[in-house]
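**Student:** Here it is: the structure, laid out below.
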Amino acid sequence: GEAVLRVDDKYDWEVWQPDVRADRCYSATLETGVVHRLFPATERMYRPGVRTMTGLYSEAMLSRIVELQRRPAILQLHGFRVPFYNEVLRRLDTRKNWRVVSIGHGLVRPPLIEVFGVHRPMTYVCLLVEHWKLRSALAKVDVMTEQTTSALADLRRVYRGRIEQITMGCDFGFWTPVPSRETRLEVRGELGIGAGTTVFFASGNFIPRKQLEELVRVFRACQSRDNWFLLVAGHGDRPNTERLASEIEPLVKAGKAMLHPYVEGPALRNLYWASDVYVSVATDEGGPVSVMKAMACGLPVVATPVGETSERMRRHGAGKFVPVNRYDEWKVAIEEVLDKGMPPVLDLAIAQEAYDWPQVARRFIK
C-alpha cells in the first residue's frame, strides 16, 4: 500500500484487520498515508471441509463491506484458504462495484493437491469438500495473483478466472550492498565473527518446511574445516526453537555458528552485510522475500529450486541450487563454495526491476 501511494496519489489505501482485543472500531492514518482500521472480532468454528477449525470472525467488518460494496473500490484478500474470506465472498452481491483481488504470498496449494498424499479416509473426504467450497467461493474473485510460474497449474485447479504473476518485494533504497569492507568488518566485529571466515546466512520462521535443522546438520558434517561460519536468524514457537537451538549448540560452542534472535530493519540488514552468501533451503516457497533482500544486498545465493526467486535466478544463470531433500548434495555445494568461490550473483539491475517495491506497485496498478 505504501508503495502504491508513492507511485500514484490518486488512490486511497486502507488496511482492515479483525482483532479480538478491539471493543469497537478503531482507525489511524499512518505517516505513509495508509489508513489502518481495527474491527472487533471473535473466534468461531468454521467448517472449510467436513472437519471444523477455529478462525477469526468479524461481523463489524462484514457489515461494513456489505455497506460499501456499491462504491468503486478494490478489495484485496491476502492469503489463501482463509475461512473468514469465504464469509466475505458469500456476503458480496454479484452487482457489487468492487473488484476483488486475492493476493498470493506463499505457495498456493489447493485442497485437491493434498488429496494425492497418504491420509486417513475421512481426510480425503474433507479435502474434496473443501476444494468444492473454495472453488465456489472464488467464483466472486475477479483476479488472483501468484508469484511462481510452477504454481499456476495448481491454482487453475480451483480458480478459472484471471491470474496475474505479481511478486512480493523490498525497498532497494534500504536493502543495499554493504557500503565498504570496513563496514562489513565492523558489523562482523559486533557479532563476534572473525574477518577471515566465509559467512553463510540463513533466516526465516523456525518451522519444518524451512529445513533449518537439516541445514545445521549439514554444517556439523563440515566441522573439520575452519574457514566458515553459519549465521541463522529468525523465530518460531517454543518446540521448534528448542530443537533448532539444540541442533546448532555444538557449532555455537565451537565458535562456528550463531543462532540470532529475530530482528528487523537496520539490525537485520547488518546480518546481510556481515555475510558472504545467503542460503535458502525450504521445501516450498512463494518468493521468498528473504532472498529478494539478499539479492538487493548483492549477495550470492545457494537455494533449493523453489519459489519465484529461484525461477528468476535460473533464467539468468545466477545462484547455486541444491535438491530439496538430498542433504549429501548440500554438503558438496557448501564445500564447492568454500573451495571454488561464490556462485554467480543476480545482476542488481535485474533484481531491482523485479523486486523493488515501486516496480511491484506499478505492475499492480497496471
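Simple scheme: letters A, B, ... for chains in C-alpha cells order, numbers from 1 for residues in each chain, numbers from 1 for ligands in the order shown.
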Residues of region 9-76 of chain A that approach region 125-146 of chain A to 7 Å or less, counting only C-alpha atoms: could you list each one with the shortest pair of atoms and its distance in Å to one decimal, rows by chain and increasing residue number, as JSON lines?
**Tutor:**
```
{"residue": "A:Pro48", "atom": "CA", "partner": "A:Glu130", "partner_atom": "CA", "distance": 5.2}
{"residue": "A:Gly49", "atom": "CA", "partner": "A:Glu130", "partner_atom": "CA", "distance": 4.0}
{"residue": "A:Val50", "atom": "CA", "partner": "A:Cys126", "partner_atom": "CA", "distance": 4.7}
{"residue": "A:Arg51", "atom": "CA", "partner": "A:Cys126", "partner_atom": "CA", "distance": 6.5}
```
**Student:** Keeping only N, CA, C and O atoms, write the selected residues as a compact mmCIF listing (two decimals), in the first residue's frame.
**Tutor:**
```txt
# COMPACT_ATOMS: atom_id res chain seq x y z
N PRO A 48 -14.40 -25.61 6.79
CA PRO A 48 -13.98 -25.48 5.39
C PRO A 48 -14.21 -26.74 4.59
O PRO A 48 -14.48 -26.70 3.39
N GLY A 49 -14.06 -27.89 5.25
CA GLY A 49 -14.35 -29.17 4.62
C GLY A 49 -15.44 -29.87 5.39
O GLY A 49 -16.57 -29.39 5.51
N VAL A 50 -15.10 -31.01 5.97
CA VAL A 50 -16.02 -31.73 6.85
C VAL A 50 -15.69 -31.45 8.31
O VAL A 50 -16.57 -31.24 9.13
N ARG A 51 -14.40 -31.44 8.60
CA ARG A 51 -13.97 -31.17 9.97
C ARG A 51 -14.05 -29.68 10.28
O ARG A 51 -14.05 -28.84 9.38
```
**Student:** Do a neighbour search on region 225-237 of chain A at 9 Å with only C-alpha atoms, toss out local chain neighbours closer than 5 positions, and write the hits as number ranges by chain.
**Tutor:** A: 193-194, 196-207, 212, 216, 219, 242, 251, 255-263, 268, 271, 275, 338
**Student:** Using only N, CA, C and O atoms, please write the residues we just selected to a file, as a short mmCIF file (atom, residue, chain, number, x, y, z; two decimals), in the first residue's frame.
**Tutor:**
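Listed below is the output, part_21.cif:
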```cif
data_model
loop_
_atom_site.label_atom_id
_atom_site.label_comp_id
_atom_site.auth_asym_id
_atom_site.auth_seq_id
_atom_site.Cartn_x
_atom_site.Cartn_y
_atom_site.Cartn_z
N ILE A 193 32.20 -12.25 14.86
CA ILE A 193 32.57 -13.12 13.75
C ILE A 193 33.93 -12.69 13.21
O ILE A 193 34.17 -11.50 12.97
N GLY A 194 34.81 -13.64 13.01
CA GLY A 194 36.15 -13.33 12.52
C GLY A 194 36.16 -12.79 11.11
O GLY A 194 35.27 -13.09 10.30
N GLY A 196 38.26 -13.40 8.60
CA GLY A 196 38.73 -14.25 7.52
C GLY A 196 37.86 -15.43 7.19
O GLY A 196 38.26 -16.29 6.39
N THR A 197 36.67 -15.53 7.75
CA THR A 197 35.80 -16.69 7.51
C THR A 197 34.74 -16.37 6.46
O THR A 197 34.38 -15.20 6.28
N THR A 198 34.27 -17.41 5.80
CA THR A 198 33.16 -17.27 4.87
C THR A 198 31.86 -17.44 5.65
O THR A 198 31.62 -18.49 6.24
N VAL A 199 31.04 -16.40 5.66
CA VAL A 199 29.82 -16.40 6.47
C VAL A 199 28.62 -16.79 5.61
O VAL A 199 28.31 -16.13 4.60
N PHE A 200 27.96 -17.89 6.00
CA PHE A 200 26.72 -18.33 5.37
C PHE A 200 25.57 -17.85 6.24
O PHE A 200 25.55 -18.09 7.45
N PHE A 201 24.58 -17.21 5.63
CA PHE A 201 23.46 -16.65 6.39
C PHE A 201 22.15 -17.28 5.92
O PHE A 201 21.87 -17.37 4.72
N ALA A 202 21.37 -17.76 6.88
CA ALA A 202 20.02 -18.29 6.60
C ALA A 202 19.05 -17.68 7.61
O ALA A 202 19.40 -17.49 8.77
N SER A 203 17.84 -17.37 7.17
CA SER A 203 16.87 -16.75 8.07
C SER A 203 15.47 -17.21 7.71
O SER A 203 15.21 -17.72 6.62
N GLY A 204 14.55 -17.02 8.65
CA GLY A 204 13.15 -17.36 8.39
C GLY A 204 12.46 -17.86 9.64
O GLY A 204 13.01 -17.85 10.75
N ASN A 205 11.22 -18.28 9.46
CA ASN A 205 10.47 -18.88 10.56
C ASN A 205 11.05 -20.24 10.89
O ASN A 205 11.44 -21.00 10.00
N PHE A 206 11.10 -20.56 12.17
CA PHE A 206 11.61 -21.86 12.60
C PHE A 206 10.47 -22.88 12.49
O PHE A 206 9.81 -23.23 13.48
N ILE A 207 10.23 -23.34 11.28
CA ILE A 207 9.20 -24.34 11.00
C ILE A 207 9.83 -25.41 10.13
O ILE A 207 10.81 -25.15 9.42
N LEU A 212 15.79 -25.64 8.41
CA LEU A 212 16.97 -25.05 9.05
C LEU A 212 17.72 -26.07 9.90
O LEU A 212 18.95 -26.02 9.99
N VAL A 216 21.68 -27.08 9.51
CA VAL A 216 22.66 -27.11 10.60
C VAL A 216 23.38 -28.46 10.64
O VAL A 216 24.60 -28.53 10.83
N PHE A 219 26.09 -28.56 8.11
CA PHE A 219 27.28 -27.81 8.53
C PHE A 219 28.04 -28.53 9.64
O PHE A 219 29.27 -28.45 9.72
N GLU A 242 13.47 -24.68 20.30
CA GLU A 242 14.33 -25.50 21.16
C GLU A 242 15.04 -26.59 20.36
O GLU A 242 16.22 -26.88 20.63
N LEU A 251 27.91 -26.30 17.33
CA LEU A 251 28.60 -25.35 16.46
C LEU A 251 28.81 -24.02 17.17
O LEU A 251 29.84 -23.37 17.00
N GLY A 255 32.41 -22.04 18.24
CA GLY A 255 32.68 -20.74 17.63
C GLY A 255 32.44 -20.71 16.14
O GLY A 255 32.98 -19.85 15.43
N LYS A 256 31.61 -21.66 15.64
CA LYS A 256 31.37 -21.76 14.21
C LYS A 256 29.96 -21.34 13.79
O LYS A 256 29.63 -21.41 12.61
N ALA A 257 29.13 -20.96 14.73
CA ALA A 257 27.75 -20.62 14.38
C ALA A 257 27.14 -19.70 15.43
O ALA A 257 27.64 -19.60 16.57
N MET A 258 26.04 -19.05 15.02
CA MET A 258 25.26 -18.21 15.93
C MET A 258 23.79 -18.36 15.58
O MET A 258 23.42 -18.32 14.40
N LEU A 259 22.95 -18.54 16.60
CA LEU A 259 21.50 -18.51 16.44
C LEU A 259 21.05 -17.14 16.92
O LEU A 259 20.97 -16.87 18.12
N HIS A 260 20.78 -16.27 15.97
CA HIS A 260 20.48 -14.87 16.29
C HIS A 260 18.98 -14.69 16.47
O HIS A 260 18.19 -15.25 15.71
N PRO A 261 18.56 -13.90 17.45
CA PRO A 261 17.11 -13.66 17.62
C PRO A 261 16.53 -12.88 16.46
O PRO A 261 17.25 -12.26 15.67
N TYR A 262 15.22 -12.91 16.35
CA TYR A 262 14.50 -12.20 15.28
C TYR A 262 14.75 -10.71 15.38
O TYR A 262 14.62 -10.09 16.45
N VAL A 263 15.12 -10.10 14.27
CA VAL A 263 15.32 -8.66 14.19
C VAL A 263 14.76 -8.15 12.86
O VAL A 263 14.55 -8.92 11.92
N LEU A 268 18.65 -6.27 11.01
CA LEU A 268 18.62 -7.39 10.05
C LEU A 268 19.54 -7.10 8.87
O LEU A 268 20.24 -8.00 8.39
N LEU A 271 22.98 -8.15 9.44
CA LEU A 271 23.25 -9.59 9.29
C LEU A 271 23.55 -9.92 7.83
O LEU A 271 24.43 -10.75 7.54
N SER A 275 27.51 -11.02 5.94
CA SER A 275 27.54 -12.33 5.30
C SER A 275 28.18 -12.29 3.92
O SER A 275 28.21 -11.25 3.25
N LEU A 338 33.27 -23.04 -0.67
CA LEU A 338 34.48 -22.78 0.09
C LEU A 338 35.75 -22.99 -0.74
O LEU A 338 36.73 -22.26 -0.59
#
```
**Student:** Compile a residue-level contact table for region 114-191 of chain A against region 308-328 of chain A at a cut-off of 10 Å, reporting for every qualifying residue the shortest atom pair and its distance in Å to one decimal, with only C-alpha atoms counted, rows ordered by chain and ascending number, as CSV.
**Tutor:**
```
residue,atom,partner,partner_atom,distance
A:Glu146,CA,A:Glu308,CA,9.4
A:Gln147,CA,A:Glu308,CA,5.9
A:Thr148,CA,A:Glu308,CA,4.7
A:Thr149,CA,A:Glu308,CA,7.3
A:Ser150,CA,A:Glu308,CA,8.6
A:Ala151,CA,A:Glu308,CA,9.8
A:Gln165,CA,A:Glu308,CA,9.8
A:Ile166,CA,A:Glu308,CA,9.9
A:Thr167,CA,A:Glu308,CA,7.7
A:Met168,CA,A:Glu308,CA,9.6
```
**Student:** How about saving the chosen residues, all heavy atoms kept, as an mmCIF file, in the first residue's frame?
**Tutor:**
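That gives us selection-v6.cif:
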```
data_model
loop_
_atom_site.group_PDB
_atom_site.id
_atom_site.type_symbol
_atom_site.label_atom_id
_atom_site.label_comp_id
_atom_site.auth_asym_id
_atom_site.auth_seq_id
_atom_site.Cartn_x
_atom_site.Cartn_y
_atom_site.Cartn_z
ATOM 1 N N GLU A 146 -0.307 -14.785 -8.235
ATOM 2 C CA GLU A 146 0.590 -15.865 -7.828
ATOM 3 C C GLU A 146 2.001 -15.453 -8.210
ATOM 4 O O GLU A 146 2.222 -14.793 -9.227
ATOM 5 C CB GLU A 146 0.187 -17.175 -8.512
ATOM 6 C CG GLU A 146 1.172 -18.316 -8.375
ATOM 7 C CD GLU A 146 1.537 -18.619 -6.933
ATOM 8 O OE1 GLU A 146 0.669 -18.529 -6.051
ATOM 9 O OE2 GLU A 146 2.712 -18.927 -6.686
ATOM 10 N N GLN A 147 2.967 -15.827 -7.366
ATOM 11 C CA GLN A 147 4.337 -15.410 -7.619
ATOM 12 C C GLN A 147 5.070 -16.338 -8.579
ATOM 13 O O GLN A 147 5.830 -15.892 -9.436
ATOM 14 C CB GLN A 147 5.109 -15.324 -6.293
ATOM 15 C CG GLN A 147 4.544 -14.300 -5.324
ATOM 16 C CD GLN A 147 5.454 -14.077 -4.141
ATOM 17 O OE1 GLN A 147 6.478 -13.409 -4.240
ATOM 18 N NE2 GLN A 147 5.100 -14.660 -3.012
ATOM 19 N N THR A 148 4.881 -17.634 -8.435
ATOM 20 C CA THR A 148 5.698 -18.586 -9.187
ATOM 21 C C THR A 148 4.972 -19.116 -10.424
ATOM 22 O O THR A 148 3.761 -19.310 -10.425
ATOM 23 C CB THR A 148 6.086 -19.783 -8.304
ATOM 24 O OG1 THR A 148 4.913 -20.530 -7.993
ATOM 25 C CG2 THR A 148 6.746 -19.331 -7.023
ATOM 26 N N THR A 149 5.746 -19.379 -11.460
ATOM 27 C CA THR A 149 5.203 -20.000 -12.663
ATOM 28 C C THR A 149 4.777 -21.435 -12.378
ATOM 29 O O THR A 149 3.754 -21.917 -12.889
ATOM 30 C CB THR A 149 6.255 -19.986 -13.777
ATOM 31 O OG1 THR A 149 6.644 -18.630 -14.049
ATOM 32 C CG2 THR A 149 5.710 -20.604 -15.056
ATOM 33 N N SER A 150 5.541 -22.112 -11.530
ATOM 34 C CA SER A 150 5.294 -23.534 -11.273
ATOM 35 C C SER A 150 3.954 -23.789 -10.594
ATOM 36 O O SER A 150 3.401 -24.885 -10.695
ATOM 37 C CB SER A 150 6.420 -24.108 -10.408
ATOM 38 O OG SER A 150 6.517 -23.412 -9.174
ATOM 39 N N ALA A 151 3.408 -22.776 -9.888
ATOM 40 C CA ALA A 151 2.158 -22.973 -9.148
ATOM 41 C C ALA A 151 0.917 -22.631 -9.956
ATOM 42 O O ALA A 151 -0.203 -22.850 -9.486
ATOM 43 C CB ALA A 151 2.173 -22.153 -7.867
ATOM 44 N N GLN A 165 0.794 -12.760 -12.477
ATOM 45 C CA GLN A 165 2.008 -13.060 -11.716
ATOM 46 C C GLN A 165 2.579 -11.768 -11.155
ATOM 47 O O GLN A 165 3.108 -10.936 -11.896
ATOM 48 C CB GLN A 165 3.039 -13.768 -12.591
ATOM 49 C CG GLN A 165 2.772 -15.253 -12.746
ATOM 50 C CD GLN A 165 3.945 -15.977 -13.374
ATOM 51 O OE1 GLN A 165 3.951 -16.211 -14.571
ATOM 52 N NE2 GLN A 165 4.923 -16.319 -12.555
ATOM 53 N N ILE A 166 2.438 -11.584 -9.860
ATOM 54 C CA ILE A 166 2.961 -10.406 -9.164
ATOM 55 C C ILE A 166 3.698 -10.899 -7.937
ATOM 56 O O ILE A 166 3.166 -11.673 -7.141
ATOM 57 C CB ILE A 166 1.829 -9.435 -8.768
ATOM 58 C CG1 ILE A 166 1.108 -8.920 -10.010
ATOM 59 C CG2 ILE A 166 2.396 -8.267 -7.958
ATOM 60 C CD1 ILE A 166 -0.046 -7.986 -9.720
ATOM 61 N N THR A 167 4.917 -10.454 -7.779
ATOM 62 C CA THR A 167 5.738 -10.899 -6.657
ATOM 63 C C THR A 167 5.559 -9.993 -5.454
ATOM 64 O O THR A 167 4.967 -8.918 -5.535
ATOM 65 C CB THR A 167 7.227 -10.908 -7.037
ATOM 66 O OG1 THR A 167 7.680 -9.550 -7.192
ATOM 67 C CG2 THR A 167 7.464 -11.660 -8.330
ATOM 68 N N MET A 168 6.105 -10.435 -4.339
ATOM 69 C CA MET A 168 6.344 -9.540 -3.213
ATOM 70 C C MET A 168 7.568 -8.690 -3.561
ATOM 71 O O MET A 168 8.100 -8.772 -4.668
ATOM 72 C CB MET A 168 6.564 -10.349 -1.937
ATOM 73 C CG MET A 168 5.360 -11.146 -1.504
ATOM 74 S SD MET A 168 3.993 -10.079 -1.002
ATOM 75 C CE MET A 168 4.628 -9.428 0.542
#
```
**Student:** By how many Å are CA of Asp339 (chain A) and CA of Pro177 (chain A) apart?
**Tutor:**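 Atom-to-atom, CA of Asp339 (chain A) and CA of Pro177 (chain A) are spaced 23.6 Å apart.
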**Student:** Which region 88-126 of chain A residues have any atom within 9 Å of an atom of region 157-162 of chain A, and for each, what is the nearest pair of atoms with distance in Å to one decimal, counting only C-alpha atoms, rows sorted by chain and number, as JSON lines?
**Tutor:**
```
{"residue": "A:Pro110", "atom": "CA", "partner": "A:Val158", "partner_atom": "CA", "distance": 6.5}
{"residue": "A:Pro111", "atom": "CA", "partner": "A:Val158", "partner_atom": "CA", "distance": 8.5}
{"residue": "A:Leu112", "atom": "CA", "partner": "A:Arg157", "partner_atom": "CA", "distance": 7.7}
{"residue": "A:Ile113", "atom": "CA", "partner": "A:Arg157", "partner_atom": "CA", "distance": 8.7}
```
**Student:** Have a look at CA of Glu87 (chain A) and CA of Thr52 (chain A) and let me know their distance in Å, one decimal.
**Tutor:** 14.9 Å
**Student:** Among region 62-140 of chain A, which residues carry a DSSP assignment of alpha helix (DSSP H), reported as a PyMOL selection string?
**Tutor:** chain A and resi 62-68+83-91+111-114+121-137
**Student:** Generate the output file for the selected residues, N, CA, C and O atoms, as a short mmCIF file (atom, residue, chain, number, x, y, z; two decimals), in the first residue's frame.
**Tutor:**
```cif
data_model
loop_
_atom_site.label_atom_id
_atom_site.label_comp_id
_atom_site.auth_asym_id
_atom_site.auth_seq_id
_atom_site.Cartn_x
_atom_site.Cartn_y
_atom_site.Cartn_z
N LEU A 62 -17.69 -7.41 8.23
CA LEU A 62 -18.57 -7.88 7.17
C LEU A 62 -19.68 -6.88 6.87
O LEU A 62 -20.00 -6.62 5.71
N SER A 63 -20.25 -6.31 7.91
CA SER A 63 -21.32 -5.34 7.72
C SER A 63 -20.82 -4.11 6.97
O SER A 63 -21.52 -3.56 6.10
N ARG A 64 -19.62 -3.67 7.31
CA ARG A 64 -19.06 -2.50 6.63
C ARG A 64 -18.76 -2.81 5.16
O ARG A 64 -18.96 -1.96 4.29
N ILE A 65 -18.28 -4.01 4.88
CA ILE A 65 -18.03 -4.41 3.49
C ILE A 65 -19.32 -4.40 2.69
O ILE A 65 -19.37 -3.88 1.57
N VAL A 66 -20.38 -4.98 3.25
CA VAL A 66 -21.67 -5.01 2.56
C VAL A 66 -22.18 -3.59 2.31
O VAL A 66 -22.72 -3.27 1.24
N GLU A 67 -21.96 -2.71 3.29
CA GLU A 67 -22.43 -1.33 3.18
C GLU A 67 -21.72 -0.58 2.07
O GLU A 67 -22.32 0.26 1.38
N LEU A 68 -20.43 -0.86 1.87
CA LEU A 68 -19.62 -0.08 0.94
C LEU A 68 -19.46 -0.72 -0.44
O LEU A 68 -18.86 -0.11 -1.33
N PRO A 83 -10.63 -19.20 6.11
CA PRO A 83 -12.09 -19.42 6.23
C PRO A 83 -12.91 -18.13 6.26
O PRO A 83 -14.00 -18.08 5.68
N PHE A 84 -12.40 -17.09 6.91
CA PHE A 84 -13.17 -15.84 7.00
C PHE A 84 -13.40 -15.23 5.62
O PHE A 84 -14.43 -14.59 5.38
N TYR A 85 -12.46 -15.43 4.70
CA TYR A 85 -12.64 -14.88 3.36
C TYR A 85 -13.84 -15.50 2.65
O TYR A 85 -14.51 -14.84 1.85
N ASN A 86 -14.09 -16.77 2.91
CA ASN A 86 -15.28 -17.39 2.33
C ASN A 86 -16.56 -16.69 2.79
O ASN A 86 -17.52 -16.54 2.04
N GLU A 87 -16.55 -16.25 4.07
CA GLU A 87 -17.70 -15.50 4.59
C GLU A 87 -17.82 -14.15 3.88
O GLU A 87 -18.92 -13.70 3.54
N VAL A 88 -16.68 -13.50 3.67
CA VAL A 88 -16.68 -12.21 2.96
C VAL A 88 -17.25 -12.38 1.56
O VAL A 88 -18.14 -11.63 1.13
N LEU A 89 -16.76 -13.36 0.82
CA LEU A 89 -17.20 -13.56 -0.55
C LEU A 89 -18.67 -13.96 -0.61
O LEU A 89 -19.40 -13.55 -1.53
N ARG A 90 -19.12 -14.73 0.37
CA ARG A 90 -20.52 -15.14 0.38
C ARG A 90 -21.45 -13.94 0.55
O ARG A 90 -22.55 -13.90 -0.02
N ARG A 91 -21.00 -12.94 1.32
CA ARG A 91 -21.83 -11.75 1.57
C ARG A 91 -21.86 -10.77 0.39
O ARG A 91 -22.74 -9.92 0.31
N PRO A 111 -6.76 -27.55 -2.04
CA PRO A 111 -7.01 -28.79 -1.30
C PRO A 111 -6.84 -30.05 -2.14
O PRO A 111 -6.38 -31.08 -1.66
N LEU A 112 -7.20 -29.97 -3.42
CA LEU A 112 -7.14 -31.14 -4.28
C LEU A 112 -5.72 -31.68 -4.40
O LEU A 112 -5.51 -32.89 -4.56
N ILE A 113 -4.71 -30.80 -4.31
CA ILE A 113 -3.32 -31.25 -4.40
C ILE A 113 -2.98 -32.18 -3.23
O ILE A 113 -2.25 -33.17 -3.39
N GLU A 114 -3.52 -31.89 -2.06
CA GLU A 114 -3.22 -32.70 -0.89
C GLU A 114 -3.90 -34.06 -0.93
O GLU A 114 -3.52 -34.97 -0.19
N PRO A 121 -9.10 -42.07 5.63
CA PRO A 121 -10.23 -41.93 4.69
C PRO A 121 -11.01 -40.64 4.85
O PRO A 121 -11.37 -39.99 3.86
N MET A 122 -11.30 -40.22 6.09
CA MET A 122 -12.09 -39.02 6.30
C MET A 122 -11.37 -37.77 5.79
O MET A 122 -12.00 -36.80 5.36
N THR A 123 -10.03 -37.78 5.82
CA THR A 123 -9.27 -36.63 5.35
C THR A 123 -9.49 -36.42 3.86
O THR A 123 -9.59 -35.27 3.38
N TYR A 124 -9.56 -37.50 3.07
CA TYR A 124 -9.82 -37.36 1.65
C TYR A 124 -11.16 -36.69 1.41
O TYR A 124 -11.29 -35.79 0.57
N VAL A 125 -12.16 -37.12 2.16
CA VAL A 125 -13.49 -36.52 2.02
C VAL A 125 -13.44 -35.04 2.38
O VAL A 125 -14.01 -34.18 1.69
N CYS A 126 -12.75 -34.74 3.48
CA CYS A 126 -12.64 -33.35 3.96
C CYS A 126 -11.99 -32.46 2.91
O CYS A 126 -12.46 -31.36 2.63
N LEU A 127 -10.91 -32.94 2.30
CA LEU A 127 -10.20 -32.15 1.29
C LEU A 127 -11.05 -31.94 0.05
O LEU A 127 -11.05 -30.84 -0.53
N LEU A 128 -11.76 -32.95 -0.38
CA LEU A 128 -12.61 -32.81 -1.56
C LEU A 128 -13.74 -31.83 -1.33
O LEU A 128 -14.06 -31.00 -2.19
N VAL A 129 -14.35 -31.88 -0.13
CA VAL A 129 -15.42 -30.93 0.20
C VAL A 129 -14.86 -29.52 0.27
O VAL A 129 -15.47 -28.56 -0.24
N GLU A 130 -13.70 -29.36 0.91
CA GLU A 130 -13.09 -28.03 0.99
C GLU A 130 -12.78 -27.49 -0.40
O GLU A 130 -12.98 -26.30 -0.68
N HIS A 131 -12.27 -28.34 -1.28
CA HIS A 131 -11.94 -27.90 -2.64
C HIS A 131 -13.19 -27.40 -3.36
O HIS A 131 -13.17 -26.33 -3.99
N TRP A 132 -14.29 -28.13 -3.23
CA TRP A 132 -15.53 -27.73 -3.88
C TRP A 132 -16.04 -26.41 -3.33
O TRP A 132 -16.44 -25.51 -4.08
N LYS A 133 -16.02 -26.24 -2.00
CA LYS A 133 -16.47 -24.99 -1.38
C LYS A 133 -15.59 -23.82 -1.79
O LYS A 133 -16.08 -22.72 -2.08
N LEU A 134 -14.27 -24.04 -1.81
CA LEU A 134 -13.34 -22.97 -2.14
C LEU A 134 -13.53 -22.54 -3.59
O LEU A 134 -13.54 -21.34 -3.90
N ARG A 135 -13.66 -23.50 -4.47
CA ARG A 135 -13.85 -23.17 -5.89
C ARG A 135 -15.13 -22.36 -6.09
O ARG A 135 -15.16 -21.41 -6.87
N SER A 136 -16.18 -22.70 -5.37
CA SER A 136 -17.43 -21.96 -5.46
C SER A 136 -17.26 -20.54 -4.95
O SER A 136 -17.74 -19.58 -5.56
N ALA A 137 -16.56 -20.38 -3.82
CA ALA A 137 -16.37 -19.05 -3.23
C ALA A 137 -15.52 -18.17 -4.14
O ALA A 137 -15.80 -16.98 -4.32
#
```
**Student:** Enter the distance from CA of Ala28 (chain A) to CA of Ile365 (chain A), in Å, rounded to one decimal.
**Tutor:**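 Rounded to one decimal, the two atoms are 24.2 Å apart.
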**Student:** Restricting the calculation to only C-alpha atoms, which member of A:Glu14, A:Asp23, A:Val360, A:Val281 is positioned closest to His36 (chain A)?
**Tutor:**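 Checking each candidate against His36 (chain A), we get A:Glu14 as the closest.
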**Student:** Looking only at the backbone, which of the residues in region 11-251 of chain A does DSSP tag as strand (DSSP E or B), as a PyMOL selection string?
**Tutor:** chain A and resi 14-19+26-29+35-40+42-46+53-57+73-78+98-103+143-146+162-165+170+198-205+228-235
**Student:** Sort by chain and increasing residue number a table of all residues of region 55-125 of chain A within 9 Å of region 284-294 of chain A, each with its closest pair of atoms and their distance in Å to one decimal, counting only C-alpha atoms, and write it as JSON lines.
**Tutor:**
```
{"residue": "A:Gly104", "atom": "CA", "partner": "A:Gly286", "partner_atom": "CA", "distance": 8.0}
{"residue": "A:His105", "atom": "CA", "partner": "A:Gly286", "partner_atom": "CA", "distance": 6.0}
{"residue": "A:Gly106", "atom": "CA", "partner": "A:Gly286", "partner_atom": "CA", "distance": 4.1}
{"residue": "A:Leu107", "atom": "CA", "partner": "A:Gly286", "partner_atom": "CA", "distance": 4.4}
{"residue": "A:Val108", "atom": "CA", "partner": "A:Gly286", "partner_atom": "CA", "distance": 7.8}
```
**Student:** Can you tell me, as a PyMOL selection string, what residues are no more than 6 Å from Ala274 (chain A) when counting only C-alpha atoms, ignoring any on the same chain fewer than 5 positions away?
**Tutor:** chain A and resi 184+187-188
